[in-house]
Amino acid sequence: MAARLPSWAWVTGLTAGATAAVVALAVQADHGPHPTAAVAKPRASASASAHTSTTPKAPATPAVPDASGTGRRIVYSVGEKRVWLVDATGRATRTFTVWPGSVSPQPGRYSITLRNQSHKGSDGVEVEHIMYFTVVSGVNIAFSNALDGASPPPADGQKLGGIRMHKEDGAALWAFGDKGTTVAVVS
């Protein structure tokens, strides 16, 4: 009579065999073709290859608004909620989105009148890189960023003139704009 193998031996043998099969399949899959997330472009020709793909293009950087003037300046679009830092040649060296307060400046040309490294904003948030450029109905309008990098909470009916931005954008704006730097506000 043949000796019977204990059940633990069968389970161990089957587990080892299954593990070896999974490893073999994984190695095979690693050497096979890999799917890509490229977007296929529609072609006018019916003879286009089914394997043709293109690399997605980065979105175009929004152009500096034409109505913003000339020369070195900070451009703020109220409607686009965007700022451009424009060098003396008229080329934007940086652009970024912002979170405006509940009070907005009118389109026009202003200049930085006061710079303050940091303090508590009228909404109670600790801010830095504060650059004031106008007053609307008694509310100071200024660029700034929160010390912790957070976006501002909703205004809840408060009249706030802070135009907030990401921390790294605030540092770039601070380095770009001195007292007297032109701020062109467009709609």
# chains A, B, ... in the order shown; residues from 1 in each chain; ligands from 1
>>> residues_around(residues="Ile112 in chain A", least_positions_apart="2", cutoff="8 Å", atoms="only C-alpha atoms", output="list in words")
Tyr110, Leu114, Arg115, Met131, Tyr132, Phe133, Gly177, Asp178, Lys179, Gly180, Thr181, Thr182 and Val183 of chain A
>>> residues_around(residues="Asn145 in chain A", least_positions_apart="2", cutoff="12 Å", atoms="only C-alpha atoms", output="VMD selection string")
chain A and resid 98 to 100 116 to 121 125 to 131 142 to 143 147 to 152 162 to 174
>>> write_last_selection(atoms="C-alpha atoms", output="compact mmCIF listing (two decimals), in the first residue's frame")
# COMPACT_ATOMS: atom_id res chain seq x y z
CA VAL A 98 -5.59 83.94 -8.82
CA TRP A 99 -8.54 83.98 -6.38
CA PRO A 100 -9.97 87.49 -6.27
CA ASN A 116 4.31 94.60 3.14
CA GLN A 117 6.23 91.36 3.76
CA SER A 118 3.51 89.76 5.91
CA HIS A 119 0.57 90.36 8.25
CA LYS A 120 -2.94 89.10 8.96
CA GLY A 121 -5.40 89.82 6.15
CA VAL A 125 -5.67 84.65 7.23
CA GLU A 126 -1.91 85.15 7.67
CA VAL A 127 -0.65 86.45 4.31
CA GLU A 128 2.68 87.45 2.82
CA HIS A 129 4.05 89.30 -0.23
CA ILE A 130 1.30 91.93 0.03
CA MET A 131 1.42 94.51 -2.75
CA ALA A 142 -3.72 94.07 -3.03
CA PHE A 143 -2.00 90.94 -4.30
CA LEU A 147 1.49 81.80 4.41
CA ASP A 148 0.26 78.21 4.42
CA GLY A 149 -0.32 78.27 0.63
CA ALA A 150 -4.08 77.67 0.96
CA SER A 151 -6.72 79.31 -1.20
CA PRO A 152 -9.03 81.71 0.62
CA GLY A 162 -7.20 90.59 -1.49
CA ILE A 163 -6.22 88.96 -4.78
CA ARG A 164 -4.73 85.67 -3.56
CA MET A 165 -2.41 83.33 -5.39
CA HIS A 166 -0.36 80.19 -4.84
CA LYS A 167 2.69 80.63 -2.61
CA GLU A 168 5.26 80.22 -5.42
CA ASP A 169 3.38 82.73 -7.60
CA GLY A 170 3.29 85.19 -4.69
CA ALA A 171 7.07 84.90 -4.32
CA ALA A 172 7.54 85.49 -8.08
CA LEU A 173 5.24 88.54 -8.03
CA TRP A 174 7.05 89.93 -4.96
>>> atom_distance(atom1="CA of Lys81 in chain A", atom2="CA of Pro62 in chain A")
11.7 Å
>>> select_by_dssp(residues="range 68-129 of chain A", states="strand (DSSP E or B)", output="VMD selection string")
chain A and resid 73 to 77 82 to 86 92 to 97 99 108 to 111 114 to 120 126 to 129
>>> closest_atom_pairs(of="range 91-176 of chain A", to="range 77-80 of chain A", cutoff="9 Å", atoms="only C-alpha atoms", output="JSON lines")
{"residue": "A:Thr97", "atom": "CA", "partner": "A:Glu80", "partner_atom": "CA", "distance": 7.9}
{"residue": "A:Val98", "atom": "CA", "partner": "A:Glu80", "partner_atom": "CA", "distance": 8.9}
{"residue": "A:Pro100", "atom": "CA", "partner": "A:Val78", "partner_atom": "CA", "distance": 7.9}
{"residue": "A:Ser104", "atom": "CA", "partner": "A:Val78", "partner_atom": "CA", "distance": 7.2}
{"residue": "A:Pro105", "atom": "CA", "partner": "A:Val78", "partner_atom": "CA", "distance": 8.0}
{"residue": "A:Gln106", "atom": "CA", "partner": "A:Val78", "partner_atom": "CA", "distance": 8.6}
{"residue": "A:Pro107", "atom": "CA", "partner": "A:Val78", "partner_atom": "CA", "distance": 8.2}
>>> write_last_selection(atoms="C-alpha atoms", output="mmCIF file, in the first residue's frame")
data_model
loop_
_atom_site.group_PDB
_atom_site.id
_atom_site.type_symbol
_atom_site.label_atom_id
_atom_site.label_comp_id
_atom_site.auth_asym_id
_atom_site.auth_seq_id
_atom_site.Cartn_x
_atom_site.Cartn_y
_atom_site.Cartn_z
ATOM 1 C CA THR A 97 -4.436 82.120 -11.941
ATOM 2 C CA VAL A 98 -5.594 83.944 -8.817
ATOM 3 C CA PRO A 100 -9.966 87.491 -6.274
ATOM 4 C CA SER A 104 -12.562 94.147 -7.702
ATOM 5 C CA PRO A 105 -10.645 97.097 -9.150
ATOM 6 C CA GLN A 106 -11.930 98.894 -12.245
ATOM 7 C CA PRO A 107 -9.981 98.420 -15.482
#
>>> atom_distance(atom1="CA of Asn140 in chain A", atom2="CA of Leu160 in chain A")
7.9 Å
